Amino acid sequence: MTFSRRAFLSASAGLTLAPLFNARASAATLPRDADVVVIGAGAAGIAAARRIQAAGRKVIVLEASGQIGGRCATDSSTFDVPLDLGARWLHTPETNAVVKLARGAGVDVTSSPNQKLRIGRRNARASETEELLATFVRATRAIDDAARRGDMACAAVLPKDLGEWAGTVDFALGAYATGKDLKDLSVVDQSRAEDRAISVATRQGLGTLMAKLGDSVPVVVSMPVTRVTWSGRDIGVETAAGRVAARAVIVTVSSNVLNAGTIKFTPELPKRQLDAAAKLTLGSYDRIALGLKGNPLGLGRDELVIEQSNSTQTGALFANIGGSSLCTVDVAGAFGRGLAAQGEAAMTEFATAWLTKMFGSDMKNAVQRSKVTRWDASSFVLGAMSAAAPGGQASRRVLAEPMGNLFIAGEATHETLWGTVDGAWETGERAADAALKKIGAVKEPAAEAKPAKKQKRRAPRSSSAGG
């Protein structure tokens, strides 16, 4: 069943990364000039670099961390199957350009996960699931109606009689979908988001996919950029290993990194762009991975479970990943942020207690191995996915505006696919096209896997529930 058009967005990110997939350039081989310098080797940065290469221009990608992929990060060694520490889902696979690229790169795309609703220690009855679906419809209609009147907080416009489903709606449409609670989210941003109800994953992991897609791109890892000069005759970027001169610069770092001022700009970024980034801060979203002994939850392969909850102090379970005994519990929003701040032990304790509450098994004795992410503590990202504050939806377009020879890309700059891998990819290509228009292309860049025109969002459809 599909709970909601937004309930299973899950474009989160992870802190602990797998080893490098392949050798990358080092400081000793840092070039001193390029037509375009791309800052950040996530989905947007890789997409931009491939586009610029296709146009015959010289490009270099500078990545602050030791791993390409950005918020697409896969751990292939801790458990029996690859674990996506960051972004997990690709949406609307029939029109998603990244899905097509994945298949072309030999990365297996899975089917949509089975979805279940848990009420106490039992699966929901069909009538209860239908009631939740109807509640989701009412809530999203209220958000859509409010968006026509102006931009305000989602929580302020919800029906007052959601009753026992209020906590579930807040978690599913808020924290789980965006990393922020509904009181902190723009109704316009939510209303304009593309339908994301159909989600698929990759067996090898999205980090593995990004590594494959970036294999032919010149990337220097462990190379933080300290300053960008984007106007005048001395355009380029500065690093600890020296300066790289350029004709244009594309910045794909997260909105929180921009807000932190880690990268200095000469001249300073216009107040218009700084204000836009401040309204598009990242939500909090983390993953607690548990390698279990056997199948103590009694669930099937690739089952996604949420619970009827009276608060946002809950999680989302993805069980028996790829037919293995690996399960993950995702926590998000203000509750998830506070839990992650307490450290790995507190996160694992919550996950085992929460699963014990729902399934009645002694989960502590069933856990053989565990791993958590703490994205808010990652200095190279500082959070999960962008979520517009009330009144801030228009900031996405503002942040994407070209500024001389400087272009900003990344999921935060996409007006409808924010928080998604394909949204980030599309903005990278868009920024590359704008940079090429500015400096000129040697040859016409080849369009890669352009998706068909997306259909208009539809209200969630109900189907049979797990019993």
# chains A, B, ... in the order shown; residues from 1 in each chain; ligands from 1
call {"tool": "select_by_dssp", "arguments": {"residues": "segment 349-417 of chain A", "states": "strand (DSSP E)", "output": "count of residues only"}}
result
9
call {"tool": "atom_distance", "arguments": {"atom1": "atom CA of Asn405 of chain A", "atom2": "atom CA of Met385 of chain A"}}
result
26.1 Å
call {"tool": "residues_around", "arguments": {"residues": "segment 307-318 of chain A", "least_positions_apart": "5", "cutoff": "8 Å", "atoms": "only C-alpha atoms", "output": "ChimeraX atom specification"}}
result
/A:117-120,164-168,170-171,175-176,302,327-332,335-336,354
call {"tool": "write_last_selection", "arguments": {"atoms": "C-alpha atoms", "output": "tab-separated table (two decimals), in the first residue's frame"}}
result
chain	number	residue	atom	x	y	z
A	117	LEU	CA	1.22	-0.08	9.65
A	118	ARG	CA	1.69	-1.31	13.20
A	119	ILE	CA	-0.80	-0.63	15.98
A	120	GLY	CA	0.62	-1.69	19.29
A	164	GLU	CA	-5.30	9.21	17.37
A	165	TRP	CA	-3.65	9.69	13.96
A	166	ALA	CA	-2.23	13.17	14.71
A	167	GLY	CA	1.20	11.93	15.79
A	168	THR	CA	1.47	9.54	12.85
A	170	ASP	CA	3.08	14.69	11.91
A	171	PHE	CA	5.85	12.08	11.73
A	175	ALA	CA	10.01	14.46	10.19
A	176	TYR	CA	10.15	11.26	8.15
A	302	ASP	CA	12.21	-5.49	2.45
A	327	CYS	CA	17.13	-3.89	9.81
A	328	THR	CA	17.27	-0.12	10.11
A	329	VAL	CA	15.35	2.27	12.33
A	330	ASP	CA	15.19	5.85	11.04
A	331	VAL	CA	14.69	8.77	13.44
A	332	ALA	CA	14.18	12.36	12.38
A	335	PHE	CA	13.29	14.10	18.37
A	336	GLY	CA	15.86	12.51	16.08
A	354	TRP	CA	11.09	0.65	20.27
call {"tool": "closest_residue", "arguments": {"among": "A:Ile143, A:Val228, A:Leu90, A:Met152", "to": "Ala197 of chain A", "atoms": "only C-alpha atoms"}}
result
A:Leu90
call {"tool": "closest_atom_pairs", "arguments": {"of": "segment 56-172 of chain A", "to": "segment 184-188 of chain A", "cutoff": "8 Å", "atoms": "only C-alpha atoms", "output": "CSV"}}
result
residue,atom,partner,partner_atom,distance
A:Ile143,CA,A:Val187,CA,5.5
A:Asp144,CA,A:Val187,CA,7.1
A:Ala146,CA,A:Val187,CA,6.8
A:Ala147,CA,A:Val188,CA,4.8
A:Arg148,CA,A:Val188,CA,7.9
A:Gly150,CA,A:Val188,CA,7.5
A:Asp151,CA,A:Val188,CA,5.6
A:Met152,CA,A:Ser186,CA,5.6
A:Ala153,CA,A:Ser186,CA,5.1
A:Cys154,CA,A:Val187,CA,5.0
A:Ala155,CA,A:Leu185,CA,7.9
call {"tool": "residues_around", "arguments": {"residues": "Glu349 of chain A", "least_positions_apart": "5", "cutoff": "10 Å", "atoms": "only C-alpha atoms", "output": "list in words"}}
result
Ile288, Glu344, Trp354, Met363 and Lys364 of chain A
call {"tool": "decode", "arguments": {"residues": "segment 270-335 of chain A", "atoms": "C-alpha atoms", "output": "compact mmCIF listing (two decimals), in the first residue's frame"}}
result
# COMPACT_ATOMS: atom_id res chain seq x y z
CA PRO A 270 24.62 38.91 -2.00
CA LYS A 271 22.28 39.27 0.97
CA ARG A 272 19.49 37.93 -1.24
CA GLN A 273 21.24 34.56 -1.57
CA LEU A 274 22.36 34.46 2.06
CA ASP A 275 18.80 35.06 3.23
CA ALA A 276 17.57 32.34 0.87
CA ALA A 277 20.01 29.77 2.25
CA ALA A 278 18.98 30.68 5.80
CA LYS A 279 15.37 29.78 4.97
CA LEU A 280 16.37 26.40 3.51
CA THR A 281 18.20 24.83 6.43
CA LEU A 282 18.63 21.07 6.60
CA GLY A 283 16.40 18.88 8.68
CA SER A 284 17.75 16.13 10.92
CA TYR A 285 17.53 12.49 9.80
CA ASP A 286 19.59 9.55 11.01
CA ARG A 287 19.70 5.80 10.65
CA ILE A 288 20.24 3.10 13.28
CA ALA A 289 21.32 -0.15 11.62
CA LEU A 290 20.96 -3.45 13.48
CA GLY A 291 22.31 -6.79 12.35
CA LEU A 292 19.94 -9.28 13.98
CA LYS A 293 20.19 -12.94 14.75
CA GLY A 294 17.59 -14.74 12.67
CA ASN A 295 14.28 -12.98 12.09
CA PRO A 296 12.98 -12.03 15.57
CA LEU A 297 10.48 -9.56 14.09
CA GLY A 298 8.78 -12.18 11.93
CA LEU A 299 8.70 -9.85 8.93
CA GLY A 300 9.26 -10.52 5.24
CA ARG A 301 11.93 -9.27 2.91
CA ASP A 302 12.21 -5.49 2.45
CA GLU A 303 9.28 -4.50 4.64
CA LEU A 304 8.79 -0.87 5.62
CA VAL A 305 6.88 -0.32 8.87
CA ILE A 306 5.57 2.73 10.70
CA GLU A 307 3.44 2.73 13.82
CA GLN A 308 0.37 4.50 15.05
CA SER A 309 1.99 6.94 17.45
CA ASN A 310 0.68 9.64 19.73
CA SER A 311 3.83 11.73 19.25
CA THR A 312 6.78 12.28 16.91
CA GLN A 313 9.02 10.25 19.24
CA THR A 314 8.86 7.31 16.90
CA GLY A 315 10.72 5.83 13.96
CA ALA A 316 10.43 3.99 10.67
CA LEU A 317 11.58 0.39 10.34
CA PHE A 318 13.03 -1.13 7.16
CA ALA A 319 13.32 -4.85 7.86
CA ASN A 320 15.24 -7.77 6.36
CA ILE A 321 16.98 -5.65 3.73
CA GLY A 322 17.72 -7.61 0.60
CA GLY A 323 16.55 -10.79 2.31
CA SER A 324 19.20 -10.46 5.02
CA SER A 325 18.78 -10.03 8.77
CA LEU A 326 19.76 -6.34 8.55
CA CYS A 327 17.13 -3.89 9.81
CA THR A 328 17.27 -0.12 10.11
CA VAL A 329 15.35 2.27 12.33
CA ASP A 330 15.19 5.85 11.04
CA VAL A 331 14.69 8.77 13.44
CA ALA A 332 14.18 12.36 12.38
CA GLY A 333 13.00 15.83 13.21
CA ALA A 334 13.50 17.46 16.60
CA PHE A 335 13.29 14.10 18.37
